[in-house]
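What's in final.txt: compact mmCIF, C-alpha atoms
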# COMPACT_ATOMS: atom_id res chain seq x y z
CA MET Z 19 19.55 -29.78 -66.72
CA THR Z 20 20.56 -30.58 -70.31
CA ASP Z 21 18.58 -33.04 -72.44
CA ASP Z 22 21.45 -35.55 -72.27
CA ARG Z 23 21.58 -35.31 -68.50
CA GLN Z 24 17.80 -35.71 -68.29
CA ALA Z 25 17.84 -38.77 -70.54
CA GLU Z 26 20.66 -40.24 -68.46
CA GLU Z 27 18.76 -39.60 -65.22
CA GLN Z 28 15.59 -41.11 -66.72
CA GLN Z 29 17.54 -44.20 -67.68
CA LEU Z 30 18.91 -44.50 -64.14
CA ILE Z 31 15.39 -44.18 -62.72
CA GLU Z 32 14.13 -46.97 -65.00
CA LEU Z 33 17.08 -49.20 -64.08
CA MET Z 34 16.49 -48.54 -60.39
CA ILE Z 35 12.78 -49.40 -60.67
CA ASP Z 36 13.63 -52.68 -62.46
CA TYR Z 37 16.32 -53.41 -59.86
CA GLN Z 38 13.75 -52.97 -57.08
CA LYS Z 39 11.61 -55.53 -58.93
CA GLY Z 40 14.49 -58.01 -58.62
CA ASP Z 41 16.10 -57.65 -62.05
CA MET Z 42 19.82 -58.51 -61.90
CA ASP Z 43 20.41 -57.04 -65.36
CA ALA Z 44 19.24 -53.71 -64.00
CA PHE Z 45 21.77 -53.95 -61.16
CA SER Z 46 24.49 -54.65 -63.70
CA GLY Z 47 23.35 -51.64 -65.74
CA LEU Z 48 23.44 -49.40 -62.68
CA TYR Z 49 26.92 -50.66 -61.79
CA GLU Z 50 28.15 -49.90 -65.31
CA ALA Z 51 26.59 -46.44 -65.37
CA LEU Z 52 27.73 -45.40 -61.90
CA LYS Z 53 31.08 -47.12 -61.43
CA ARG Z 54 33.27 -44.44 -62.98
CA PRO Z 55 31.61 -41.35 -61.47
CA LEU Z 56 31.54 -43.01 -58.06
CA ILE Z 57 35.25 -43.85 -58.21
CA ARG Z 58 35.92 -40.21 -59.06
CA TYR Z 59 33.77 -39.08 -56.16
CA LEU Z 60 35.46 -41.51 -53.78
CA TRP Z 61 38.81 -39.99 -54.75
CA THR Z 62 37.84 -36.90 -52.79
CA PHE Z 63 37.82 -39.07 -49.66
CA VAL Z 64 40.68 -41.52 -50.28
CA ARG Z 65 43.51 -40.74 -52.65
CA ASN Z 66 44.32 -44.32 -53.26
CA GLN Z 67 43.06 -46.43 -56.16
CA SER Z 68 42.70 -49.74 -54.33
CA ALA Z 69 41.02 -48.09 -51.33
CA ALA Z 70 38.61 -46.31 -53.69
CA GLU Z 71 37.82 -49.60 -55.44
CA ASP Z 72 37.21 -51.35 -52.11
CA LEU Z 73 34.92 -48.52 -51.07
CA LEU Z 74 33.09 -48.78 -54.37
CA GLN Z 75 32.29 -52.43 -53.61
CA GLU Z 76 31.19 -51.53 -50.10
CA ALA Z 77 29.06 -48.69 -51.46
CA PHE Z 78 27.31 -51.02 -53.92
CA LEU Z 79 26.72 -53.55 -51.14
CA GLN Z 80 25.11 -50.84 -49.04
CA LEU Z 81 23.09 -49.60 -52.02
CA HIS Z 82 21.87 -53.16 -52.48
CA ARG Z 83 20.91 -53.50 -48.81
CA ALA Z 84 19.15 -50.14 -48.93
CA ARG Z 85 17.52 -50.46 -52.36
CA ARG Z 86 13.99 -50.20 -50.97
CA THR Z 87 14.78 -46.72 -49.61
CA TYR Z 88 14.98 -45.31 -53.12
CA ILE Z 89 11.62 -43.65 -53.81
CA PRO Z 90 10.74 -43.55 -57.53
CA PRO Z 91 10.62 -41.31 -59.48
CA ARG Z 92 13.06 -39.19 -57.46
CA PRO Z 93 16.48 -38.65 -59.07
CA VAL Z 94 18.72 -41.66 -58.47
CA ARG Z 95 22.07 -39.92 -58.22
CA PRO Z 96 21.52 -37.94 -54.98
CA TRP Z 97 20.40 -41.21 -53.33
CA VAL Z 98 23.45 -43.08 -54.65
CA TYR Z 99 25.95 -40.34 -53.79
CA ALA Z 100 24.52 -39.83 -50.30
CA ILE Z 101 24.97 -43.53 -49.43
CA THR Z 102 28.42 -43.63 -51.06
CA ARG Z 103 29.44 -40.54 -49.11
CA HIS Z 104 28.31 -42.15 -45.87
CA VAL Z 105 30.28 -45.32 -46.65
CA ALA Z 106 33.38 -43.19 -47.31
CA LEU Z 107 32.93 -41.15 -44.13
CA MET Z 108 32.50 -44.33 -42.06
CA HIS Z 109 35.67 -45.68 -43.63
CA LEU Z 110 37.59 -42.49 -42.83
CA ARG Z 111 36.30 -42.51 -39.26
CA SER Z 112 37.33 -46.10 -38.64
CA ALA Z 113 40.70 -45.53 -40.38
CA ARG Z 114 41.30 -42.57 -38.06
CA ARG Z 115 40.45 -44.74 -35.07
CA ARG Z 116 42.89 -47.40 -36.25
CA LYS Z 117 45.40 -44.60 -36.99
CA GLU Z 118 45.68 -46.07 -40.46
CA VAL Z 119 47.34 -43.90 -43.11
CA LEU Z 120 46.96 -44.81 -46.74
CA PRO Z 121 49.66 -43.54 -49.03
CA ASP Z 122 48.50 -40.75 -51.35
CA GLU Z 123 49.08 -41.98 -54.83
CA ALA Z 124 50.45 -39.85 -57.62
CA LEU Z 125 48.07 -37.03 -58.38
CA PRO Z 126 47.26 -37.71 -62.06
CA ASP Z 127 44.02 -39.45 -61.21
CA VAL Z 128 42.60 -36.62 -59.10
CA PRO Z 129 39.39 -35.68 -60.92
CA VAL Z 130 39.49 -32.13 -62.24
CA PRO Z 131 36.28 -30.23 -63.05
CA PRO Z 132 36.40 -28.47 -66.45
CA GLU Z 133 35.75 -25.06 -64.82
CA VAL Z 134 38.97 -25.48 -62.87
CA GLU Z 135 40.99 -27.21 -65.57
CA ARG Z 136 41.23 -24.14 -67.77
CA LEU Z 137 42.67 -21.97 -65.01
CA ALA Z 138 46.23 -23.27 -65.33
CA ASP Z 139 48.23 -26.27 -66.48
CA ARG Z 140 46.93 -29.68 -65.36
CA THR Z 141 49.66 -30.36 -62.81
CA THR Z 142 49.17 -27.04 -61.03
CA VAL Z 143 45.39 -27.36 -61.03
CA ARG Z 144 45.55 -30.91 -59.64
CA ARG Z 145 47.97 -29.87 -56.93
CA LEU Z 146 45.83 -26.91 -55.87
CA LEU Z 147 42.61 -28.89 -56.06
CA ALA Z 148 44.10 -31.62 -53.90
CA ALA Z 149 45.10 -28.98 -51.33
CA LEU Z 150 41.50 -27.71 -50.90
CA PRO Z 151 39.49 -28.80 -47.83
CA ARG Z 152 37.46 -31.93 -48.53
CA THR Z 153 34.10 -30.14 -48.18
CA ALA Z 154 35.10 -27.69 -50.92
CA GLN Z 155 36.51 -30.40 -53.20
CA GLU Z 156 33.39 -32.49 -52.71
CA VAL Z 157 31.02 -29.74 -53.84
CA LEU Z 158 33.22 -28.91 -56.84
CA ILE Z 159 33.37 -32.54 -57.93
CA LEU Z 160 29.66 -33.19 -57.39
CA HIS Z 161 28.52 -30.12 -59.29
CA HIS Z 162 31.16 -29.31 -61.87
CA LEU Z 163 32.40 -32.79 -62.68
CA LEU Z 164 29.53 -35.16 -61.93
CA GLY Z 165 26.79 -32.78 -63.02
CA LEU Z 166 24.55 -32.68 -59.95
CA THR Z 167 22.51 -29.52 -59.52
CA PHE Z 168 23.26 -27.42 -56.43
CA GLU Z 169 19.96 -28.57 -55.00
CA GLU Z 170 21.02 -32.21 -55.41
CA VAL Z 171 24.48 -31.44 -53.98
CA GLY Z 172 22.75 -29.91 -50.95
CA GLN Z 173 20.61 -33.03 -50.51
CA VAL Z 174 23.71 -35.24 -50.63
CA VAL Z 175 25.85 -33.28 -48.17
CA GLY Z 176 23.04 -31.87 -45.98
CA VAL Z 177 23.36 -28.16 -46.72
CA ALA Z 178 21.10 -25.60 -48.43
CA PRO Z 179 21.54 -25.26 -52.23
CA GLY Z 180 22.79 -21.70 -51.69
CA THR Z 181 25.47 -22.93 -49.29
CA ALA Z 182 26.61 -25.54 -51.82
CA LYS Z 183 26.82 -22.84 -54.48
CA VAL Z 184 28.84 -20.55 -52.20
CA ARG Z 185 31.24 -23.41 -51.32
CA ALA Z 186 31.84 -24.19 -55.00
CA HIS Z 187 32.31 -20.52 -55.83
CA ARG Z 188 34.77 -20.03 -52.96
CA ALA Z 189 36.70 -23.15 -53.96
CA ILE Z 190 37.19 -21.92 -57.53
CA LYS Z 191 38.12 -18.48 -56.22
CA ALA Z 192 40.66 -20.00 -53.83
CA ILE Z 193 42.30 -21.88 -56.70
CA ARG Z 194 42.26 -18.78 -58.89
CA ASP Z 195 43.82 -16.65 -56.11
CA ARG Z 196 46.49 -19.24 -55.44
CA ILE Z 197 47.38 -19.40 -59.16
CA ALA Z 198 47.63 -15.58 -59.29
CA GLU Z 199 49.81 -15.64 -56.17
CA GLU Z 200 52.12 -18.26 -57.61
CA GLU Z 201 52.34 -16.39 -60.94
CA GLY Z 202 53.18 -13.22 -58.99
CA GLU Z 203 55.90 -15.04 -57.06
CA GLY Z 204 57.24 -16.58 -60.29
CA MET V 27 23.31 -57.40 -70.17
CA SER V 28 26.51 -59.06 -69.03
CA PHE V 29 27.43 -59.38 -65.37
CA GLU V 30 31.10 -59.55 -66.17
CA SER V 31 31.78 -55.98 -65.23
CA VAL V 32 30.43 -56.57 -61.71
CA PRO V 33 33.14 -57.97 -59.40
CA GLU V 34 32.57 -61.59 -58.44
CA GLY V 35 32.15 -61.05 -54.68
CA LEU V 36 29.62 -58.28 -55.15
CA ARG V 37 27.77 -60.24 -57.83
CA ALA V 38 27.50 -63.28 -55.55
CA VAL V 39 26.02 -61.23 -52.71
CA VAL V 40 23.52 -59.48 -54.96
CA GLU V 41 22.50 -62.69 -56.73
CA ARG V 42 21.90 -64.42 -53.39
CA ASP V 43 19.41 -61.75 -52.41
CA CYS V 44 17.86 -60.23 -55.50
CA ARG V 45 14.22 -60.51 -54.49
CA ALA V 46 11.77 -57.78 -55.40
CA VAL V 47 11.37 -55.10 -52.75
CA GLN V 48 8.58 -52.64 -52.05
CA PRO V 49 9.95 -49.09 -52.29
CA LEU V 50 9.57 -46.86 -49.28
CA HIS V 51 6.48 -44.64 -49.29
CA PRO V 52 7.14 -40.92 -49.83
CA ALA V 53 7.96 -38.85 -46.74
CA TRP V 54 4.59 -37.04 -46.83
CA LEU V 55 2.69 -40.33 -46.71
CA ARG V 56 4.78 -41.59 -43.79
CA THR V 57 4.18 -38.24 -42.08
CA VAL V 58 0.42 -38.82 -42.48
CA VAL V 59 0.80 -42.14 -40.61
CA ALA V 60 2.68 -40.51 -37.70
CA VAL V 61 0.27 -37.56 -37.62
CA GLY V 62 -2.68 -39.99 -37.64
CA VAL V 63 -1.36 -41.61 -34.46
CA LEU V 64 -0.71 -38.16 -32.98
CA ALA V 65 -4.27 -37.05 -33.80
CA VAL V 66 -5.83 -40.12 -32.16
CA VAL V 67 -3.70 -39.76 -29.00
CA LEU V 68 -4.38 -36.03 -28.71
CA ALA V 69 -8.13 -36.49 -29.29
CA LEU V 70 -8.25 -39.19 -26.59
CA THR V 71 -6.26 -36.94 -24.23
CA LEU V 72 -8.61 -34.01 -24.77
CA ALA V 73 -11.65 -36.24 -24.37
CA SER V 74 -10.42 -37.82 -21.14
CA ALA V 75 -9.31 -34.65 -19.35
CA SER V 76 -10.94 -31.34 -18.62
CA LEU V 77 -9.51 -28.11 -19.99
CA ARG V 78 -7.43 -25.93 -17.64
CA CYS V 79 -9.53 -23.99 -15.14
CA ASP V 80 -8.24 -20.60 -16.34
CA ILE V 81 -8.91 -21.27 -20.05
CA ASP V 82 -11.56 -18.50 -20.16
CA ARG V 83 -9.09 -16.00 -18.75
CA LEU V 84 -6.56 -16.63 -21.53
CA PRO V 85 -7.02 -14.84 -24.85
CA MET V 86 -7.95 -17.11 -27.74
CA TRP V 87 -4.61 -16.52 -29.50
CA LEU V 88 -2.75 -17.73 -26.41
CA SER V 89 -4.84 -20.80 -25.67
CA TRP V 90 -6.06 -22.40 -28.91
CA GLY V 91 -3.98 -20.19 -31.22
CA CYS V 92 -0.62 -21.05 -29.65
CA SER V 93 -1.64 -24.70 -29.36
CA ALA V 94 -2.33 -24.77 -33.10
CA LEU V 95 1.02 -23.10 -33.78
CA GLN V 96 2.88 -25.59 -31.57
CA LEU V 97 1.03 -28.44 -33.26
CA ALA V 98 2.05 -27.14 -36.68
CA PHE V 99 5.71 -26.92 -35.62
CA GLY V 100 5.54 -30.42 -34.17
CA VAL V 101 4.13 -31.86 -37.40
CA LEU V 102 6.78 -29.97 -39.40
CA LEU V 103 9.52 -31.47 -37.23
CA ILE V 104 8.09 -34.98 -37.70
CA ALA V 105 7.97 -34.42 -41.48
CA MET V 106 11.60 -33.22 -41.41
CA ALA V 107 12.66 -36.31 -39.43
CA LEU V 108 11.01 -38.59 -41.98
CA ARG V 109 12.55 -36.72 -44.89
CA GLU V 110 15.98 -36.78 -43.24
CA ALA V 111 15.61 -40.57 -43.03
CA VAL V 112 15.74 -40.96 -46.82
CA PRO V 113 19.24 -41.01 -48.36
CA GLY V 114 19.76 -38.14 -50.77
CA ALA V 115 16.99 -36.05 -49.24
CA ALA V 116 18.95 -34.58 -46.33
CA VAL V 117 17.40 -31.55 -44.67
CA PRO V 118 19.87 -28.61 -44.68
CA ASP V 119 21.58 -28.04 -41.32
CA GLY V 120 20.39 -24.43 -41.27
CA ALA V 121 16.74 -25.43 -41.72
CA ILE V 122 17.04 -28.00 -38.92
CA ARG V 123 18.52 -25.44 -36.53
CA TRP V 124 15.96 -22.79 -37.46
CA ILE V 125 12.83 -24.96 -37.21
CA ALA V 126 13.93 -26.87 -34.10
CA GLY V 127 15.02 -23.64 -32.40
CA THR V 128 11.80 -21.83 -33.28
CA ALA V 129 9.61 -24.73 -32.14
CA PHE V 130 11.48 -24.87 -28.85
CA GLY V 131 11.30 -21.09 -28.50
CA VAL V 132 7.55 -21.07 -29.16
CA GLN V 133 7.02 -23.69 -26.44
CA VAL V 134 8.95 -21.56 -23.94
CA LEU V 135 7.29 -18.28 -25.02
CA VAL V 136 3.82 -19.78 -24.72
CA GLY V 137 4.71 -20.74 -21.13
CA VAL V 138 5.98 -17.23 -20.39
CA ALA V 139 2.93 -15.54 -21.95
CA THR V 140 0.56 -17.86 -20.07
CA ALA V 141 2.30 -17.05 -16.78
CA ILE V 142 1.89 -13.33 -17.51
CA TYR V 143 -1.79 -13.54 -18.49
CA SER V 144 -2.94 -15.95 -15.81
CA PRO V 145 -1.90 -15.91 -12.14
CA ALA V 146 -0.26 -19.10 -10.91
CA VAL V 147 -2.72 -21.78 -9.89
CA ALA V 148 -1.67 -23.80 -6.87
CA VAL V 149 -2.21 -27.52 -7.12
CA ALA V 150 -2.62 -29.67 -4.03
CA GLY V 151 0.26 -32.00 -3.24
CA GLY V 152 3.21 -29.71 -3.80
CA GLU V 153 5.26 -28.61 -6.79
CA VAL V 154 7.29 -31.74 -7.27
CA THR V 155 4.33 -34.12 -7.04
CA ALA V 156 2.40 -31.99 -9.52
CA GLY V 157 5.49 -31.81 -11.76
CA ILE V 158 6.00 -35.56 -11.73
CA GLY V 159 2.31 -36.02 -12.52
CA CYS V 160 2.62 -33.66 -15.51
CA LEU V 161 5.83 -35.29 -16.71
CA SER V 162 4.26 -38.77 -16.53
CA ARG V 163 1.17 -37.60 -18.39
CA GLU V 164 3.32 -35.83 -21.00
CA ALA V 165 5.42 -38.99 -21.43
CA LEU V 166 2.28 -41.10 -21.89
CA VAL V 167 0.90 -38.72 -24.51
CA VAL V 168 4.19 -38.30 -26.40
CA LEU V 169 5.28 -41.94 -26.35
CA PRO V 170 2.97 -43.45 -29.05
CA THR V 171 3.82 -40.72 -31.62
CA PHE V 172 7.49 -40.84 -30.62
CA LEU V 173 7.69 -44.60 -31.10
CA VAL V 174 5.81 -44.60 -34.40
CA THR V 175 7.93 -41.73 -35.74
CA LEU V 176 11.19 -43.45 -34.78
CA TRP V 177 9.96 -46.73 -36.25
CA LEU V 178 9.23 -44.97 -39.54
CA VAL V 179 12.60 -43.17 -39.41
CA PHE V 180 14.62 -46.33 -38.79
CA ARG V 181 12.70 -48.37 -41.37
CA ALA V 182 14.27 -46.04 -43.91
CA LEU V 183 18.01 -45.30 -43.89
CA PRO V 184 18.82 -42.14 -41.93
CA LEU V 185 22.45 -41.31 -42.71
CA ARG V 186 22.48 -38.85 -39.80
CA ALA V 187 20.43 -41.07 -37.50
CA PRO V 188 20.95 -39.04 -34.30
CA VAL V 189 19.73 -35.89 -36.11
CA ALA V 190 16.69 -37.71 -37.50
CA GLY V 191 15.96 -39.16 -34.04
CA LEU V 192 16.30 -35.76 -32.41
CA LEU V 193 13.89 -34.21 -34.94
CA GLY V 194 11.41 -37.05 -34.42
CA GLY V 195 11.61 -36.71 -30.63
CA ALA V 196 11.24 -32.93 -30.79
CA GLY V 197 8.29 -33.19 -33.21
CA ALA V 198 6.37 -35.72 -31.10
CA ALA V 199 7.02 -33.80 -27.88
CA VAL V 200 6.28 -30.29 -29.20
CA ALA V 201 3.07 -31.45 -30.93
CA SER V 202 1.84 -33.32 -27.83
CA ASP V 203 2.70 -30.39 -25.56
CA ALA V 204 0.33 -28.28 -27.67
CA VAL V 205 -2.61 -30.15 -26.14
CA LEU V 206 -1.13 -30.48 -22.65
CA HIS V 207 -0.85 -26.69 -22.62
CA LEU V 208 -4.66 -26.65 -22.75
CA ILE V 209 -4.99 -29.14 -19.92
CA CYS V 210 -2.30 -28.48 -17.31
CA PRO V 211 -3.71 -25.92 -14.82
CA MET V 212 -0.28 -24.80 -13.56
CA SER V 213 0.81 -21.56 -15.20
CA ASP V 214 3.75 -21.04 -12.84
CA LEU V 215 6.75 -20.47 -15.11
CA ARG V 216 9.05 -22.68 -13.08
CA HIS V 217 6.64 -25.58 -13.42
CA VAL V 218 6.27 -25.06 -17.18
CA LEU V 219 10.01 -24.74 -17.81
CA VAL V 220 11.11 -27.61 -15.58
CA TRP V 221 8.44 -30.21 -16.26
CA HIS V 222 6.95 -29.38 -19.67
CA THR V 223 9.95 -27.88 -21.45
CA GLY V 224 12.01 -30.51 -19.63
CA ALA V 225 9.84 -33.23 -21.20
CA VAL V 226 10.51 -31.80 -24.68
CA VAL V 227 14.26 -31.81 -23.99
CA LEU V 228 14.02 -35.35 -22.62
CA PHE V 229 12.33 -36.66 -25.77
CA MET V 230 14.80 -34.80 -27.99
CA ALA V 231 17.63 -36.48 -26.06
CA ALA V 232 15.85 -39.86 -26.24
CA GLY V 233 15.47 -39.50 -30.02
CA TRP V 234 19.11 -38.51 -30.43
CA THR V 235 20.24 -41.48 -28.29
CA ALA V 236 18.01 -43.93 -30.16
CA GLY V 237 19.50 -42.63 -33.42
CA TRP V 238 23.02 -42.95 -32.07
CA ILE V 239 22.40 -46.57 -31.02
CA TRP V 240 20.72 -47.43 -34.33
CA ASP V 241 23.63 -45.87 -36.20
CA ARG V 242 26.16 -48.02 -34.29
CA MET V 243 24.14 -51.15 -35.03
CA ARG V 244 23.54 -50.36 -38.70
CA TRP V 245 27.10 -49.24 -39.48
CA PRO V 246 29.41 -51.30 -37.26
CA ARG V 247 32.58 -49.32 -36.55
CA SER V 248 34.89 -52.27 -37.21
CA SER V 249 34.03 -52.33 -40.92
Rendering of file as structure tokens:
Amino acid sequence: MTDDRQAEEQQLIELMIDYQKGDMDAFSGLYEALKRPLIRYLWTFVRNQSAAEDLLQEAFLQLHRARRTYIPPRPVRPWVYAITRHVALMHLRSARRRKEVLPDEALPDVPVPPEVERLADRTTVRRLLAALPRTAQEVLILHHLLGLTFEEVGQVVGVAPGTAKVRAHRAIKAIRDRIAEEEGEG
Amino acid sequence: MSFESVPEGLRAVVERDCRAVQPLHPAWLRTVVAVGVLAVVLALTLASASLRCDIDRLPMWLSWGCSALQLAFGVLLIAMALREAVPGAAVPDGAIRWIAGTAFGVQVLVGVATAIYSPAVAVAGGEVTAGIGCLSREALVVLPTFLVTLWLVFRALPLRAPVAGLLGGAGAAVASDAVLHLICPMSDLRHVLVWHTGAVVLFMAAGWTAGWIWDRMRWPRSS
């Protein structure tokens, strides 16, 4: 973990401890720090801005209800992402039951990890990334874009760190292969 | 810090209930609580019943050794259940399958080895009566640890509640069976597999069901 990342994590831990003591400012600080990365993460579940924003609210409500289950001084982000992921999965499950289909919005907002971005032009990368299975996208986003270690990714999605690493590796390879294929066809 | 960035609805909910909360104790400490209850129940069980009549015929590794091994697996399963109950600390699927499978396998193998080493002991009253007696006793011994473990699991926030419940049920049952193995005089394999292994399966299913129900109540499907 880089020094910046460590300082950021330490700040989140301090905010979370203050929030557990009943400090509203700390909640506000957590919201500010986590809003953007969580929206990006939620994009891997729903490709719709307003749905992602609604889920963000729901995720923060659930984080609030569950705030005592954060155990200091454990890293905050795996705890936050795990609850957010569950909220998103519950939403997808109930949307499936209601046979609700949200329109996929234009792709420009699909978050693209830097490791993937340099493989081809942005449009191609976004298109190929969006075509990956959700489990592969999720690991790529959590590790390469949001900076979680593979161990933390494993704790969020319930797999071994090695499995998370393999999923990310395979996802990048799949994109690379698809780009090579398309270049060959072109 | 300004609250302006927080949407109004969310802010209102949080402001209404922003009291200080006591963070959850670490998983190891909650495991100590569950294991404490387990230890008391198992000590009382051993004190109130006599050891199986063929205990001297069984090698030490098969009687006390296998009991200790089963106990260790049971405690490990309880610890995994309590860890699984904390968001962001999910136990990998592979580890769950491996530990739960091994614990279950050990319970069955101990039964098989005991049947090989010691000839079947007939108990008055018939197989079914003896089996029901064993199942009731097993249920009585498992129940306190099972309930405490599930209470500790559901006080946290298991995101895969049926899995956490299943682990808790398996842990309580496997650990308790470690002592019942030293007490039950029946070494007939059919008796062991149907009534003792059956009890482990029953508590695993009960844990899974409790988790499933808790999950439906905690995360209503209409939302």
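Of the residues under consideration (V:Ala129, V:Leu219, V:Leu228, V:Leu178), V:Leu178 shows the shortest atom-to-atom contact distance to Ala190 of chain V when counting only C-alpha atoms.
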Compile the contact shell of Glu170 of chain Z as an mmCIF file with C-alpha atoms, in the coordinates of the input: residues with an atom at most 10 Å away, counting all atoms listed in the file, same-chain residues fewer than 3 positions apart removed.
data_model
loop_
_atom_site.group_PDB
_atom_site.id
_atom_site.type_symbol
_atom_site.label_atom_id
_atom_site.label_comp_id
_atom_site.auth_asym_id
_atom_site.auth_seq_id
_atom_site.Cartn_x
_atom_site.Cartn_y
_atom_site.Cartn_z
ATOM 1 C CA PRO Z 93 16.480 -38.650 -59.070
ATOM 2 C CA ARG Z 95 22.070 -39.920 -58.220
ATOM 3 C CA PRO Z 96 21.520 -37.940 -54.980
ATOM 4 C CA TRP Z 97 20.400 -41.210 -53.330
ATOM 5 C CA TYR Z 99 25.950 -40.340 -53.790
ATOM 6 C CA ALA Z 100 24.520 -39.830 -50.300
ATOM 7 C CA LEU Z 160 29.660 -33.190 -57.390
ATOM 8 C CA HIS Z 161 28.520 -30.120 -59.290
ATOM 9 C CA GLY Z 165 26.790 -32.780 -63.020
ATOM 10 C CA LEU Z 166 24.550 -32.680 -59.950
ATOM 11 C CA THR Z 167 22.510 -29.520 -59.520
ATOM 12 C CA GLN Z 173 20.610 -33.030 -50.510
ATOM 13 C CA VAL Z 174 23.710 -35.240 -50.630
ATOM 14 C CA VAL Z 175 25.850 -33.280 -48.170
ATOM 15 C CA GLY Z 176 23.040 -31.870 -45.980
ATOM 16 C CA VAL Z 177 23.360 -28.160 -46.720
ATOM 17 C CA ALA Z 178 21.100 -25.600 -48.430
ATOM 18 C CA PRO Z 179 21.540 -25.260 -52.230
ATOM 19 C CA ALA Z 182 26.610 -25.540 -51.820
ATOM 20 C CA GLY V 114 19.760 -38.140 -50.770
ATOM 21 C CA ALA V 115 16.990 -36.050 -49.240
ATOM 22 C CA ALA V 116 18.950 -34.580 -46.330
#
Can you tell me which residues surround Phe229 of chain V at a distance of at most 10 Å, considering only C-alpha atoms, apart from same-chain residues fewer than 3 positions away, and format the answer as a short mmCIF file (atom, residue, chain, number, x, y, z; two decimals) with C-alpha atoms, keeping the file's coordinate frame?
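To be explicit, this is the file written out as around-v8.cif:
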data_model
loop_
_atom_site.label_atom_id
_atom_site.label_comp_id
_atom_site.auth_asym_id
_atom_site.auth_seq_id
_atom_site.Cartn_x
_atom_site.Cartn_y
_atom_site.Cartn_z
CA ALA V 165 5.42 -38.99 -21.43
CA VAL V 168 4.19 -38.30 -26.40
CA LEU V 169 5.28 -41.94 -26.35
CA PHE V 172 7.49 -40.84 -30.62
CA GLY V 191 15.96 -39.16 -34.04
CA LEU V 192 16.30 -35.76 -32.41
CA LEU V 193 13.89 -34.21 -34.94
CA GLY V 194 11.41 -37.05 -34.42
CA GLY V 195 11.61 -36.71 -30.63
CA ALA V 196 11.24 -32.93 -30.79
CA GLY V 197 8.29 -33.19 -33.21
CA ALA V 198 6.37 -35.72 -31.10
CA ALA V 199 7.02 -33.80 -27.88
CA VAL V 200 6.28 -30.29 -29.20
CA GLY V 224 12.01 -30.51 -19.63
CA ALA V 225 9.84 -33.23 -21.20
CA VAL V 226 10.51 -31.80 -24.68
CA ALA V 232 15.85 -39.86 -26.24
CA GLY V 233 15.47 -39.50 -30.02
CA TRP V 234 19.11 -38.51 -30.43
CA THR V 235 20.24 -41.48 -28.29
#
Checklist line | Option closest in space to Leu73 of chain Z, from Z:Arg188, Z:Pro151, Z:Tyr88, Z:Ile57 [counting only C-alpha atoms] | finding: Z:Ile57
Next item on the list: Give me, as a VMD selection string, the contact residues of chain V against chain Z at a cut-off of 10 Å, counting all atoms listed in the file.
Entry: chain V and resid 27 to 33 35 to 37 39 to 41 43 to 53 110 to 121 181 to 186 245 to 249
Checklist line | Residue contacts of Ala201 of chain V (7 Å, all atoms listed in the file) excluding same-chain residues fewer than 6 positions away, as a ChimeraX atom specification | finding: /V:96-97,100-101
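Relative to atom CA of Leu215 of chain V, atom CA of Leu95 of chain V is found at 19.7 Å.
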Build an axis-aligned box that encloses every atom of segment 86-92 of chain Z listed in the file, pad it by 3 Å on each side, and report its centre and edge lengths in Å to one decimal, as JSON.
{"center_x": 12.8, "center_y": -44.7, "center_z": -54.5, "size_x": 10.4, "size_y": 17.0, "size_z": 15.9}
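The spacing separating atom CA of Ile104 of chain V from atom CA of His217 of chain V amounts to 26.1 Å.
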Check: Rounded to one decimal in Å, what is the spacing between atom CA of Phe180 of chain V and atom CA of Trp240 of chain V?
Finding: 7.6 Å
Some atoms are absent from segment 55-63 of chain V, so rebuild N, CA and C atoms and return them as a compact mmCIF listing (two decimals), keeping the file's coordinate frame.
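Contents of selection.txt, as written:
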# COMPACT_ATOMS: atom_id res chain seq x y z
N LEU V 55 3.63 -39.27 -47.06
CA LEU V 55 2.69 -40.33 -46.71
C LEU V 55 3.05 -40.93 -45.35
N ARG V 56 4.36 -41.07 -45.09
CA ARG V 56 4.78 -41.59 -43.79
C ARG V 56 4.48 -40.57 -42.69
N THR V 57 4.54 -39.28 -43.05
CA THR V 57 4.18 -38.24 -42.08
C THR V 57 2.70 -38.36 -41.72
N VAL V 58 1.86 -38.67 -42.74
CA VAL V 58 0.42 -38.82 -42.48
C VAL V 58 0.18 -39.94 -41.46
N VAL V 59 0.96 -41.02 -41.57
CA VAL V 59 0.80 -42.14 -40.61
C VAL V 59 1.11 -41.66 -39.19
N ALA V 60 2.27 -40.99 -39.04
CA ALA V 60 2.68 -40.51 -37.70
C ALA V 60 1.67 -39.49 -37.18
N VAL V 61 1.21 -38.60 -38.05
CA VAL V 61 0.27 -37.56 -37.62
C VAL V 61 -1.09 -38.19 -37.27
N GLY V 62 -1.43 -39.27 -37.96
CA GLY V 62 -2.68 -39.99 -37.64
C GLY V 62 -2.64 -40.50 -36.20
N VAL V 63 -1.51 -41.11 -35.84
CA VAL V 63 -1.36 -41.61 -34.46
C VAL V 63 -1.42 -40.44 -33.48
